[in-house]
Amino acid sequence: MVTEPLILGEHRDSVLTLWLNRPSKLNSLTDELLDALCERLTEAGADSTVGAIVITGSGRGFCAGQDLAVAADADGGIDVSRHLRHHYLPVVRCLRDLRTPVIAAINGVAAGAGLSLALACDLRVAAESATLVNAFVRIGLVPDAGGSYFLPRLIGLARALEMAMLGETVDSEQALQLGLVSRVVSDTELLPTVHTLAMRLARGPLSLGLIKQLFNQSLENSFEQQLSAEERAQVQAAASADFVEGVTAFLTKRPAHFTGR
Ligand code: LHQ
């Protein structure tokens, strides 16, 4: 029997699009799928021809979180720590640590750890028909895979607690209002729109990676620590060929052509 790859990929225009690919189970997560995703992300981070990454889902769902039917281990129990430490956390850390920008193209339902995965990305664009569910509480769990970290930081404690404690389905319009996603587009326009956005990022300057790092650090840092971090990042940015190009382009009134160096 030919088995479908758990992750499908397309590398075009300096953009790597990755599809979580278990459509009959709404792309729910298995250890194997998470490991395959981690491998693709790590490879992409080391590939200078990949300027931006898009994560989306095959079929009608984005990702329904852990596959609850296969979570049980050989002895019938669920070793949650093992799943988290060895399979989920490497993916979430990778998404955060990558200099390459990552966009979640939320094409359908994002639930449980599937929502956490989307929250760990740098930008989120939703299709009109997409829904977001902090489903953990519905099955007696707590948000994991970074979900309890990202959600209050993205939408504030009060809204995050409501979403996590009630586990209600949030539609794309509500998600936009909450700030969970930054754009909503029609279902058919989702991938073309996100591809264009990703191409823009892929053609961006070296400072994009520094901006990602800086803003993520800012959530932990004091004001003084952040001022120092800004200075360090700016020194690096100002030493880049892209800065020279940006200033030259501005002064000669032409568009800048960045090379990511
Ligand atoms: C699924 C799933 C799924 C298996 C849909 N599993 N089959 C936990 C444990 C260990 C370590 C790490 O972390 C975690 C954290 C987690 O992520 S816990 C899981 C959190 N996710 C959920 O609780 C979501 C469960 N799914 C749902 O509530 C619904 O399926 C949603 C609201 C996502 C979508 O509803 P519908 O659009 O009505 O679709 P459906 O329910 O009919 O699902 C379609 C198929 O996908 C169906 O299979 P079938 O063979 O009957 O057609 C579902 O059983 C399957 N599926 N989610 N998480």
# chains A, B, ... in the order shown; residues from 1 in each chain; ligands from 1

$ residues_near_ligand --ligand "ligand 1" --cutoff "9 Å" --atoms "only C-alpha atoms and all ligand atoms" --output "PyMOL selection string"
chain A and resi 23-29+60-61+63-72+78-84+87-88+108-116+131-139+141-145+169

$ write_last_selection --atoms "N, CA and C atoms" --output "compact mmCIF listing (two decimals), in the first residue's frame"
# COMPACT_ATOMS: atom_id res chain seq x y z
N PRO A 23 -5.75 14.60 5.87
CA PRO A 23 -7.02 15.31 5.71
C PRO A 23 -8.24 14.57 6.26
N SER A 24 -8.23 13.23 6.23
CA SER A 24 -9.42 12.51 6.70
C SER A 24 -9.58 12.64 8.21
N LYS A 25 -8.52 13.04 8.91
CA LYS A 25 -8.57 13.24 10.37
C LYS A 25 -8.31 14.71 10.71
N LEU A 26 -8.69 15.57 9.79
CA LEU A 26 -8.52 17.02 9.96
C LEU A 26 -7.08 17.37 10.36
N ASN A 27 -6.13 16.60 9.78
CA ASN A 27 -4.69 16.82 10.01
C ASN A 27 -4.33 16.78 11.49
N SER A 28 -5.04 15.92 12.23
CA SER A 28 -4.68 15.80 13.65
C SER A 28 -3.27 15.23 13.75
N LEU A 29 -2.64 15.54 14.88
CA LEU A 29 -1.20 15.36 15.00
C LEU A 29 -0.80 14.00 15.57
N ARG A 60 -10.19 20.05 4.36
CA ARG A 60 -11.05 21.11 4.92
C ARG A 60 -10.60 21.63 6.29
N GLY A 61 -9.59 21.00 6.89
CA GLY A 61 -9.16 21.46 8.22
C GLY A 61 -7.74 22.00 8.20
N CYS A 63 -5.81 21.98 11.46
CA CYS A 63 -5.24 20.93 12.32
C CYS A 63 -6.10 20.81 13.57
N ALA A 64 -6.54 19.58 13.85
CA ALA A 64 -7.46 19.35 14.99
C ALA A 64 -6.72 18.97 16.27
N GLY A 65 -5.41 19.26 16.34
CA GLY A 65 -4.67 18.95 17.57
C GLY A 65 -4.24 17.50 17.61
N GLN A 66 -3.83 17.05 18.79
CA GLN A 66 -3.37 15.67 18.93
C GLN A 66 -4.42 14.69 18.39
N ASP A 67 -3.97 13.68 17.65
CA ASP A 67 -4.87 12.60 17.23
C ASP A 67 -5.20 11.79 18.47
N LEU A 68 -6.45 11.96 18.93
CA LEU A 68 -6.84 11.35 20.20
C LEU A 68 -6.98 9.84 20.08
N ALA A 69 -7.09 9.35 18.87
CA ALA A 69 -7.23 7.90 18.68
C ALA A 69 -5.88 7.19 18.75
N VAL A 70 -4.80 7.89 18.46
CA VAL A 70 -3.50 7.22 18.46
C VAL A 70 -2.57 7.71 19.57
N ALA A 71 -3.10 8.53 20.47
CA ALA A 71 -2.25 9.09 21.52
C ALA A 71 -1.81 8.03 22.52
N ALA A 72 -2.62 6.98 22.67
CA ALA A 72 -2.30 5.97 23.69
C ALA A 72 -1.00 5.26 23.36
N ILE A 78 -1.51 7.25 28.28
CA ILE A 78 -0.98 8.33 27.43
C ILE A 78 0.14 9.02 28.19
N ASP A 79 1.35 8.87 27.70
CA ASP A 79 2.49 9.52 28.32
C ASP A 79 2.60 10.92 27.71
N VAL A 80 1.80 11.82 28.29
CA VAL A 80 1.70 13.18 27.75
C VAL A 80 3.07 13.85 27.71
N SER A 81 3.86 13.66 28.78
CA SER A 81 5.18 14.31 28.83
C SER A 81 6.04 13.86 27.66
N ARG A 82 5.98 12.58 27.37
CA ARG A 82 6.81 12.07 26.26
C ARG A 82 6.38 12.71 24.94
N HIS A 83 5.06 12.73 24.69
CA HIS A 83 4.58 13.34 23.44
C HIS A 83 5.02 14.80 23.37
N LEU A 84 4.83 15.50 24.48
CA LEU A 84 5.15 16.93 24.47
C LEU A 84 6.64 17.16 24.29
N HIS A 87 8.10 15.45 20.83
CA HIS A 87 7.48 15.66 19.51
C HIS A 87 6.87 17.05 19.33
N TYR A 88 6.20 17.58 20.34
CA TYR A 88 5.56 18.89 20.18
C TYR A 88 6.56 20.04 20.38
N GLY A 108 -9.06 26.04 7.74
CA GLY A 108 -10.27 25.41 8.31
C GLY A 108 -10.10 25.38 9.81
N VAL A 109 -10.66 24.37 10.45
CA VAL A 109 -10.61 24.35 11.91
C VAL A 109 -9.17 24.19 12.44
N ALA A 110 -8.85 25.02 13.44
CA ALA A 110 -7.58 24.88 14.18
C ALA A 110 -7.99 24.65 15.63
N ALA A 111 -7.74 23.44 16.13
CA ALA A 111 -8.22 23.10 17.48
C ALA A 111 -7.10 22.53 18.33
N GLY A 112 -7.20 22.73 19.64
CA GLY A 112 -6.23 22.17 20.57
C GLY A 112 -4.80 22.55 20.18
N ALA A 113 -3.94 21.54 20.14
CA ALA A 113 -2.54 21.82 19.81
C ALA A 113 -2.39 22.31 18.37
N GLY A 114 -3.41 22.11 17.56
CA GLY A 114 -3.40 22.67 16.19
C GLY A 114 -3.49 24.19 16.25
N LEU A 115 -4.26 24.68 17.22
CA LEU A 115 -4.33 26.13 17.44
C LEU A 115 -2.99 26.62 17.98
N SER A 116 -2.43 25.87 18.92
CA SER A 116 -1.12 26.27 19.49
C SER A 116 -0.07 26.39 18.38
N THR A 131 -12.23 28.20 11.62
CA THR A 131 -12.64 28.37 13.01
C THR A 131 -11.47 28.03 13.92
N LEU A 132 -11.46 28.65 15.09
CA LEU A 132 -10.38 28.42 16.05
C LEU A 132 -11.01 27.98 17.36
N VAL A 133 -10.53 26.87 17.89
CA VAL A 133 -11.13 26.32 19.11
C VAL A 133 -10.03 25.96 20.11
N ASN A 134 -10.11 26.54 21.28
CA ASN A 134 -9.19 26.15 22.35
C ASN A 134 -9.83 24.92 23.01
N ALA A 135 -9.71 23.80 22.32
CA ALA A 135 -10.55 22.63 22.62
C ALA A 135 -10.11 21.84 23.85
N PHE A 136 -8.96 22.17 24.40
CA PHE A 136 -8.40 21.35 25.48
C PHE A 136 -9.40 21.12 26.62
N VAL A 137 -10.05 22.22 27.06
CA VAL A 137 -10.94 22.12 28.22
C VAL A 137 -12.12 21.19 27.93
N ARG A 138 -12.48 21.07 26.67
CA ARG A 138 -13.61 20.21 26.31
C ARG A 138 -13.33 18.75 26.65
N ILE A 139 -12.02 18.40 26.66
CA ILE A 139 -11.68 17.01 26.99
C ILE A 139 -10.92 16.93 28.32
N LEU A 141 -8.39 18.84 29.47
CA LEU A 141 -6.95 19.13 29.46
C LEU A 141 -6.70 20.62 29.60
N VAL A 142 -5.43 20.99 29.65
CA VAL A 142 -5.04 22.41 29.67
C VAL A 142 -4.36 22.72 28.34
N PRO A 143 -4.35 23.98 27.92
CA PRO A 143 -3.63 24.34 26.69
C PRO A 143 -2.16 23.95 26.80
N ASP A 144 -1.64 23.32 25.75
CA ASP A 144 -0.23 22.93 25.76
C ASP A 144 0.42 23.32 24.43
N ALA A 145 1.63 22.82 24.21
CA ALA A 145 2.41 23.13 23.00
C ALA A 145 2.56 24.65 22.83
N THR A 169 -16.09 27.89 20.09
CA THR A 169 -15.57 28.04 18.73
C THR A 169 -15.58 29.52 18.35

$ select_by_dssp --residues "stretch 28-246 of chain A" --states "strand (DSSP E)" --output "PyMOL selection string"
chain A and resi 52-57+61-63+102-106+109-111+123-127+131-133+169-171+183-185

$ atom_distance --atom1 "atom CA of A:Gln177" --atom2 "atom CA of A:Asn21"
29.2 Å

$ closest_residue --among "A:Lys212, A:His257, A:Arg96, A:Arg124" --to "A:Leu180" --atoms "only C-alpha atoms"
A:Arg124

$ closest_residue --among "A:Ala105, A:Cys38, A:Met199, A:Val50" --to "A:Ser186" --atoms "only C-alpha atoms"
A:Ala105

$ closest_residue --among "A:Phe215, A:Arg85, A:Asp31, A:Ser222" --to "A:Asp122" --atoms "only C-alpha atoms"
A:Phe215

$ closest_residue --among "A:Leu214, A:Ala127, A:Leu208, A:Ala160" --to "A:Ser172" --atoms "only C-alpha atoms"
A:Ala127

$ atom_distance --atom1 "atom CA of A:Ser58" --atom2 "atom CA of A:Leu20"
6.0 Å

$ closest_residue --among "A:Gly167, A:Pro5, A:Gly45, A:Gly51" --to "A:Ala198" --atoms "only C-alpha atoms"
A:Gly51

$ residues_around --residues "A:Cys121" --least-positions-apart "5" --cutoff "9 Å" --atoms "only C-alpha atoms" --output "PDB file with all heavy atoms, in the first residue's frame"
ATOM      1  N   ILE A  55       2.615  27.463   6.600  1.00  0.00           N
ATOM      2  CA  ILE A  55       2.074  26.179   7.079  1.00  0.00           C
ATOM      3  C   ILE A  55       0.562  26.225   6.907  1.00  0.00           C
ATOM      4  O   ILE A  55      -0.100  27.187   7.322  1.00  0.00           O
ATOM      5  CB  ILE A  55       2.422  25.927   8.567  1.00  0.00           C
ATOM      6  CG1 ILE A  55       3.943  25.877   8.744  1.00  0.00           C
ATOM      7  CG2 ILE A  55       1.799  24.619   9.056  1.00  0.00           C
ATOM      8  CD1 ILE A  55       4.403  25.638  10.182  1.00  0.00           C
ATOM      9  N   VAL A  92       7.562  23.598  18.234  1.00  0.00           N
ATOM     10  CA  VAL A  92       7.219  24.943  18.700  1.00  0.00           C
ATOM     11  C   VAL A  92       8.491  25.778  18.891  1.00  0.00           C
ATOM     12  O   VAL A  92       8.551  26.949  18.509  1.00  0.00           O
ATOM     13  CB  VAL A  92       6.415  24.851  20.024  1.00  0.00           C
ATOM     14  CG1 VAL A  92       6.113  26.225  20.565  1.00  0.00           C
ATOM     15  CG2 VAL A  92       5.114  24.107  19.780  1.00  0.00           C
ATOM     16  N   LEU A  95       9.815  26.819  15.482  1.00  0.00           N
ATOM     17  CA  LEU A  95       9.060  27.932  14.889  1.00  0.00           C
ATOM     18  C   LEU A  95       9.510  29.266  15.480  1.00  0.00           C
ATOM     19  O   LEU A  95       9.615  30.272  14.781  1.00  0.00           O
ATOM     20  CB  LEU A  95       7.559  27.739  15.125  1.00  0.00           C
ATOM     21  CG  LEU A  95       6.902  26.627  14.313  1.00  0.00           C
ATOM     22  CD1 LEU A  95       5.494  26.340  14.832  1.00  0.00           C
ATOM     23  CD2 LEU A  95       6.843  27.004  12.834  1.00  0.00           C
ATOM     24  N   ARG A  96       9.773  29.281  16.778  1.00  0.00           N
ATOM     25  CA  ARG A  96      10.191  30.508  17.449  1.00  0.00           C
ATOM     26  C   ARG A  96      11.626  30.893  17.091  1.00  0.00           C
ATOM     27  O   ARG A  96      11.948  32.059  16.926  1.00  0.00           O
ATOM     28  CB  ARG A  96      10.135  30.299  18.968  1.00  0.00           C
ATOM     29  CG  ARG A  96       8.788  30.506  19.533  1.00  0.00           C
ATOM     30  CD  ARG A  96       8.509  31.943  19.733  1.00  0.00           C
ATOM     31  NE  ARG A  96       9.104  32.449  20.967  1.00  0.00           N
ATOM     32  CZ  ARG A  96       8.650  33.491  21.617  1.00  0.00           C
ATOM     33  NH1 ARG A  96       7.622  34.147  21.141  1.00  0.00           N
ATOM     34  NH2 ARG A  96       9.221  33.909  22.727  1.00  0.00           N
ATOM     35  N   PRO A 101      10.768  33.906   8.485  1.00  0.00           N
ATOM     36  CA  PRO A 101       9.384  34.139   8.929  1.00  0.00           C
ATOM     37  C   PRO A 101       8.451  32.990   8.541  1.00  0.00           C
ATOM     38  O   PRO A 101       8.604  32.398   7.473  1.00  0.00           O
ATOM     39  CB  PRO A 101       8.976  35.427   8.203  1.00  0.00           C
ATOM     40  CG  PRO A 101      10.072  35.797   7.290  1.00  0.00           C
ATOM     41  CD  PRO A 101      11.211  34.858   7.462  1.00  0.00           C
ATOM     42  N   VAL A 102       7.499  32.718   9.434  1.00  0.00           N
ATOM     43  CA  VAL A 102       6.549  31.617   9.198  1.00  0.00           C
ATOM     44  C   VAL A 102       5.118  32.159   9.284  1.00  0.00           C
ATOM     45  O   VAL A 102       4.757  32.833  10.258  1.00  0.00           O
ATOM     46  CB  VAL A 102       6.707  30.485  10.248  1.00  0.00           C
ATOM     47  CG1 VAL A 102       5.848  29.277   9.848  1.00  0.00           C
ATOM     48  CG2 VAL A 102       8.166  30.072  10.412  1.00  0.00           C
ATOM     49  N   ILE A 103       4.320  31.854   8.268  1.00  0.00           N
ATOM     50  CA  ILE A 103       2.909  32.280   8.253  1.00  0.00           C
ATOM     51  C   ILE A 103       2.030  31.054   8.364  1.00  0.00           C
ATOM     52  O   ILE A 103       2.223  30.072   7.631  1.00  0.00           O
ATOM     53  CB  ILE A 103       2.547  32.998   6.927  1.00  0.00           C
ATOM     54  CG1 ILE A 103       3.540  34.123   6.619  1.00  0.00           C
ATOM     55  CG2 ILE A 103       1.129  33.546   6.989  1.00  0.00           C
ATOM     56  CD1 ILE A 103       3.267  34.833   5.293  1.00  0.00           C
ATOM     57  N   ALA A 104       1.048  31.094   9.262  1.00  0.00           N
ATOM     58  CA  ALA A 104       0.031  30.035   9.301  1.00  0.00           C
ATOM     59  C   ALA A 104      -1.119  30.478   8.399  1.00  0.00           C
ATOM     60  O   ALA A 104      -1.699  31.547   8.619  1.00  0.00           O
ATOM     61  CB  ALA A 104      -0.460  29.821  10.727  1.00  0.00           C
ATOM     62  N   SER A 116      -2.427  25.865  18.925  1.00  0.00           N
ATOM     63  CA  SER A 116      -1.118  26.266  19.487  1.00  0.00           C
ATOM     64  C   SER A 116      -0.073  26.392  18.383  1.00  0.00           C
ATOM     65  O   SER A 116       0.756  27.304  18.394  1.00  0.00           O
ATOM     66  CB  SER A 116      -0.636  25.250  20.527  1.00  0.00           C
ATOM     67  OG  SER A 116      -1.578  25.106  21.555  1.00  0.00           O
TER      68      SER A 116
END

$ residues_around --residues "A:Thr100" --least-positions-apart "6" --cutoff "12 Å" --atoms "only C-alpha atoms" --output "ChimeraX atom specification"
/A:14-16,41-54,94,121-123,198-199,201-213,260

$ closest_residue --among "A:Thr252, A:Gln174, A:Ser218, A:Thr30" --to "A:Leu6" --atoms "only C-alpha atoms"
A:Thr30

$ select_by_dssp --residues "stretch 27-259 of chain A" --states "alpha helix (DSSP H)" --output "number ranges by chain"
A: 31-45, 80-83, 89-97, 113-120, 147-155, 157-166, 172-178, 190-202, 207-218, 223-238, 241-251
